[in-house]
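S.K.: Here you go, one structure.
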Amino acid sequence: MERASSIGANDGAPRRLAGVVLAAGNSRRMGCPKLLLPWGDDTVLGHTLANAMAGGITLLTVVCGAEAGAVSAQVEAKGLPWLFNASYAQGQSSSLQCGLKTVPEGCGVMFILGDMPCTSPHSYAALAAAYANSRALIVAPVNAAGQRGNPTLWAPELFAELSSLTGDMGARALLDQHRQETLLIPLEEAGLYLDIDTPEDYKRYGE
């Protein structure tokens, strides 16, 4: 996997970026709609959205599926657009592809998981800056243990491959296939490497 020093800098204008928040899952492991659970003075999803926007990811669209009415209300409360993925039960890849349709031509995309409220604005900004100023096809955070985190950022050159994914594995296979074009940004913030999947996770990390 390529680290920050091994991929050349972008010698032109900074690359543009849009954000897509994946918020369509049915929270099987949680047993209730996890994105709507309280988190501080907001919800899990609301906090995730607020942090992304505070980190400069302002061109942001949310993909809804399960509990779309309640989830979209959270999105609208932040003044953001959303769309419904009618195929959300087919897995995360369907939401990736649904969200890609909203990305303006020439923009890269940052895929944000809706259940990662611990990711700070600083981390969003650092990853966006790394994408804007590099020639990497993929940008992702990595910690000292070598664990790759989220969100991940993708250049338009890979959109066709993203559109061919199936099932619930997301884009993990493509990350492995494009190791030489991947820029891994060393970031130790714990929120980049955890999401809220189970009642135990919520109890451990919840506010």
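Each chain of the structure tokens is named A, B, ... in the order shown, its residues numbered from 1; ligands are numbered from 1 in display order.
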Env of range 124-141 of chain A: 9 Å cut, atoms = only C-alpha atoms, seq-sep filter 5 positions within chain, self excluded. Answer as a ChimeraX atom specification.
M.R.: /A:4,7-17,51-57,108,110,119,147-158,175,178-188,192-193
S.K.: Using N, CA and C atoms, can you export the residues from the last selection as a CSV table (one decimal), in the first residue's frame?
M.R.:
chain,number,residue,atom,x,y,z
A,4,ALA,N,1.9,8.4,2.0
A,4,ALA,CA,1.8,9.8,1.6
A,4,ALA,C,2.9,10.2,0.7
A,7,ILE,N,3.3,9.0,-3.8
A,7,ILE,CA,2.4,9.4,-4.9
A,7,ILE,C,2.7,10.8,-5.2
A,8,GLY,N,2.8,11.1,-6.5
A,8,GLY,CA,3.2,12.4,-6.9
A,8,GLY,C,2.2,13.5,-6.6
A,9,ALA,N,2.6,14.7,-6.4
A,9,ALA,CA,1.7,15.8,-6.2
A,9,ALA,C,1.0,16.2,-7.4
A,10,ASN,N,-0.2,16.8,-7.3
A,10,ASN,CA,-0.9,17.3,-8.4
A,10,ASN,C,-0.3,18.6,-8.8
A,11,ASP,N,0.1,18.7,-10.1
A,11,ASP,CA,0.8,19.9,-10.5
A,11,ASP,C,-0.1,20.9,-11.2
A,12,GLY,N,-1.4,20.6,-11.2
A,12,GLY,CA,-2.4,21.5,-11.7
A,12,GLY,C,-3.3,22.1,-10.7
A,13,ALA,N,-4.5,22.5,-11.1
A,13,ALA,CA,-5.5,23.0,-10.1
A,13,ALA,C,-5.9,21.9,-9.1
A,14,PRO,N,-6.2,22.3,-7.9
A,14,PRO,CA,-6.7,21.3,-6.9
A,14,PRO,C,-7.9,20.5,-7.5
A,15,ARG,N,-7.9,19.2,-7.3
A,15,ARG,CA,-9.0,18.4,-7.8
A,15,ARG,C,-10.3,18.7,-6.9
A,16,ARG,N,-11.4,18.7,-7.6
A,16,ARG,CA,-12.7,18.9,-6.9
A,16,ARG,C,-13.2,17.6,-6.3
A,17,LEU,N,-14.0,17.8,-5.3
A,17,LEU,CA,-14.5,16.7,-4.5
A,17,LEU,C,-16.0,16.9,-4.1
A,51,ASN,N,-20.2,17.0,11.3
A,51,ASN,CA,-18.7,17.0,11.3
A,51,ASN,C,-18.2,17.0,9.8
A,52,ALA,N,-18.8,16.3,8.9
A,52,ALA,CA,-18.4,16.4,7.5
A,52,ALA,C,-18.5,17.8,7.0
A,53,MET,N,-19.6,18.5,7.2
A,53,MET,CA,-19.7,19.8,6.7
A,53,MET,C,-18.7,20.8,7.4
A,54,ALA,N,-18.5,20.6,8.7
A,54,ALA,CA,-17.5,21.4,9.4
A,54,ALA,C,-16.1,21.2,8.8
A,55,GLY,N,-15.9,20.0,8.3
A,55,GLY,CA,-14.6,19.7,7.7
A,55,GLY,C,-14.4,20.2,6.3
A,56,GLY,N,-15.4,20.9,5.8
A,56,GLY,CA,-15.4,21.5,4.4
A,56,GLY,C,-16.0,20.6,3.3
A,57,ILE,N,-16.7,19.5,3.7
A,57,ILE,CA,-17.3,18.7,2.7
A,57,ILE,C,-18.8,19.3,2.6
A,108,GLY,N,-14.1,14.1,-7.8
A,108,GLY,CA,-13.9,12.9,-7.1
A,108,GLY,C,-15.1,12.7,-6.1
A,110,MET,N,-16.0,11.4,-2.0
A,110,MET,CA,-15.7,10.9,-0.6
A,110,MET,C,-16.9,10.1,-0.2
A,119,THR,N,-15.7,10.7,13.8
A,119,THR,CA,-14.8,11.3,12.9
A,119,THR,C,-14.8,12.8,12.9
A,147,GLN,N,-4.0,-0.3,10.0
A,147,GLN,CA,-5.4,-0.5,9.7
A,147,GLN,C,-5.9,0.6,8.9
A,148,ARG,N,-6.6,0.3,7.8
A,148,ARG,CA,-7.2,1.2,6.9
A,148,ARG,C,-8.6,1.6,7.3
A,149,GLY,N,-8.9,2.9,7.3
A,149,GLY,CA,-10.2,3.4,7.9
A,149,GLY,C,-11.1,4.0,6.8
A,150,ASN,N,-12.1,4.7,7.3
A,150,ASN,CA,-13.0,5.5,6.5
A,150,ASN,C,-13.1,6.9,7.0
A,151,PRO,N,-13.5,7.8,6.1
A,151,PRO,CA,-14.0,7.7,4.7
A,151,PRO,C,-12.9,7.4,3.7
A,152,THR,N,-13.3,6.9,2.5
A,152,THR,CA,-12.4,6.7,1.4
A,152,THR,C,-12.8,7.7,0.3
A,153,LEU,N,-11.8,8.1,-0.5
A,153,LEU,CA,-12.0,9.1,-1.5
A,153,LEU,C,-11.5,8.5,-2.9
A,154,TRP,N,-12.3,8.7,-3.9
A,154,TRP,CA,-12.1,8.0,-5.2
A,154,TRP,C,-12.1,9.0,-6.3
A,155,ALA,N,-11.1,8.9,-7.2
A,155,ALA,CA,-11.1,9.7,-8.4
A,155,ALA,C,-12.0,9.2,-9.5
A,156,PRO,N,-12.5,10.1,-10.4
A,156,PRO,CA,-13.4,9.7,-11.4
A,156,PRO,C,-13.0,8.6,-12.3
A,157,GLU,N,-11.7,8.4,-12.4
A,157,GLU,CA,-11.1,7.3,-13.2
A,157,GLU,C,-11.6,5.9,-12.8
A,158,LEU,N,-12.1,5.8,-11.5
A,158,LEU,CA,-12.5,4.5,-11.0
A,158,LEU,C,-14.0,4.4,-10.9
A,175,LEU,N,-10.1,-1.4,-3.5
A,175,LEU,CA,-8.9,-0.9,-2.7
A,175,LEU,C,-7.7,-1.8,-2.8
A,178,HIS,N,-6.1,-1.7,-6.3
A,178,HIS,CA,-5.4,-0.5,-6.7
A,178,HIS,C,-4.5,0.0,-5.6
A,179,ARG,N,-3.8,-0.9,-5.1
A,179,ARG,CA,-2.8,-0.5,-4.0
A,179,ARG,C,-1.8,0.5,-4.4
A,180,GLN,N,-1.3,0.3,-5.7
A,180,GLN,CA,-0.2,1.2,-6.2
A,180,GLN,C,-0.7,2.6,-6.4
A,181,GLU,N,-2.0,2.8,-6.6
A,181,GLU,CA,-2.6,4.1,-6.9
A,181,GLU,C,-3.3,4.7,-5.6
A,182,THR,N,-3.0,4.0,-4.5
A,182,THR,CA,-3.7,4.5,-3.3
A,182,THR,C,-2.8,5.3,-2.4
A,183,LEU,N,-3.3,6.4,-2.0
A,183,LEU,CA,-2.5,7.3,-1.0
A,183,LEU,C,-3.1,7.1,0.4
A,184,LEU,N,-2.3,6.5,1.2
A,184,LEU,CA,-2.7,6.3,2.6
A,184,LEU,C,-2.2,7.5,3.5
A,185,ILE,N,-3.1,8.1,4.2
A,185,ILE,CA,-2.8,9.3,5.0
A,185,ILE,C,-2.7,8.9,6.5
A,186,PRO,N,-1.5,9.0,7.1
A,186,PRO,CA,-1.4,8.6,8.5
A,186,PRO,C,-2.3,9.5,9.4
A,187,LEU,N,-3.3,8.9,10.0
A,187,LEU,CA,-4.1,9.6,10.9
A,187,LEU,C,-4.5,8.7,12.1
A,188,GLU,N,-4.3,9.1,13.3
A,188,GLU,CA,-4.5,8.2,14.4
A,188,GLU,C,-5.8,8.4,15.1
A,192,LEU,N,-11.9,7.3,12.9
A,192,LEU,CA,-11.8,6.9,11.6
A,192,LEU,C,-11.8,5.4,11.4
A,193,TYR,N,-11.7,4.7,12.5
A,193,TYR,CA,-11.5,3.2,12.4
A,193,TYR,C,-12.6,2.5,13.2
S.K.: Can you tell me which residues surround range 28-30 of chain A at a distance of at most 10 Å, considering only C-alpha atoms, apart from same-chain residues fewer than 6 positions away, and format the answer as a PDB file with C-alpha atoms, in the first residue's frame?
M.R.:
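Ended up saving to result.pdb:
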ATOM      1  CA  ILE A 196     -21.536   1.974  15.494  1.00  0.00           C
ATOM      2  CA  ASP A 197     -22.850  -1.466  14.523  1.00  0.00           C
ATOM      3  CA  THR A 198     -24.064  -3.125  17.730  1.00  0.00           C
ATOM      4  CA  PRO A 199     -25.655  -2.154  21.058  1.00  0.00           C
ATOM      5  CA  GLU A 200     -22.253  -2.824  22.631  1.00  0.00           C
ATOM      6  CA  ASP A 201     -20.576  -0.358  20.241  1.00  0.00           C
ATOM      7  CA  TYR A 202     -23.173   2.277  21.049  1.00  0.00           C
TER       8      TYR A 202
END
S.K.: Could you please determine the separation between CA of Leu194 in chain A and CA of Ser123 in chain A in Å, to one decimal place?
M.R.: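 CA of Ser123 in chain A lies at a distance of 13.7 Å from CA of Leu194 in chain A.
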S.K.: Taking into account only C-alpha atoms, which residue in the set A:Pro117, A:Ala24, A:Pro81, A:Gly167 is nearest to Pro38 in chain A?
M.R.: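 Distance minimum relative to Pro38 in chain A lands on A:Pro117.
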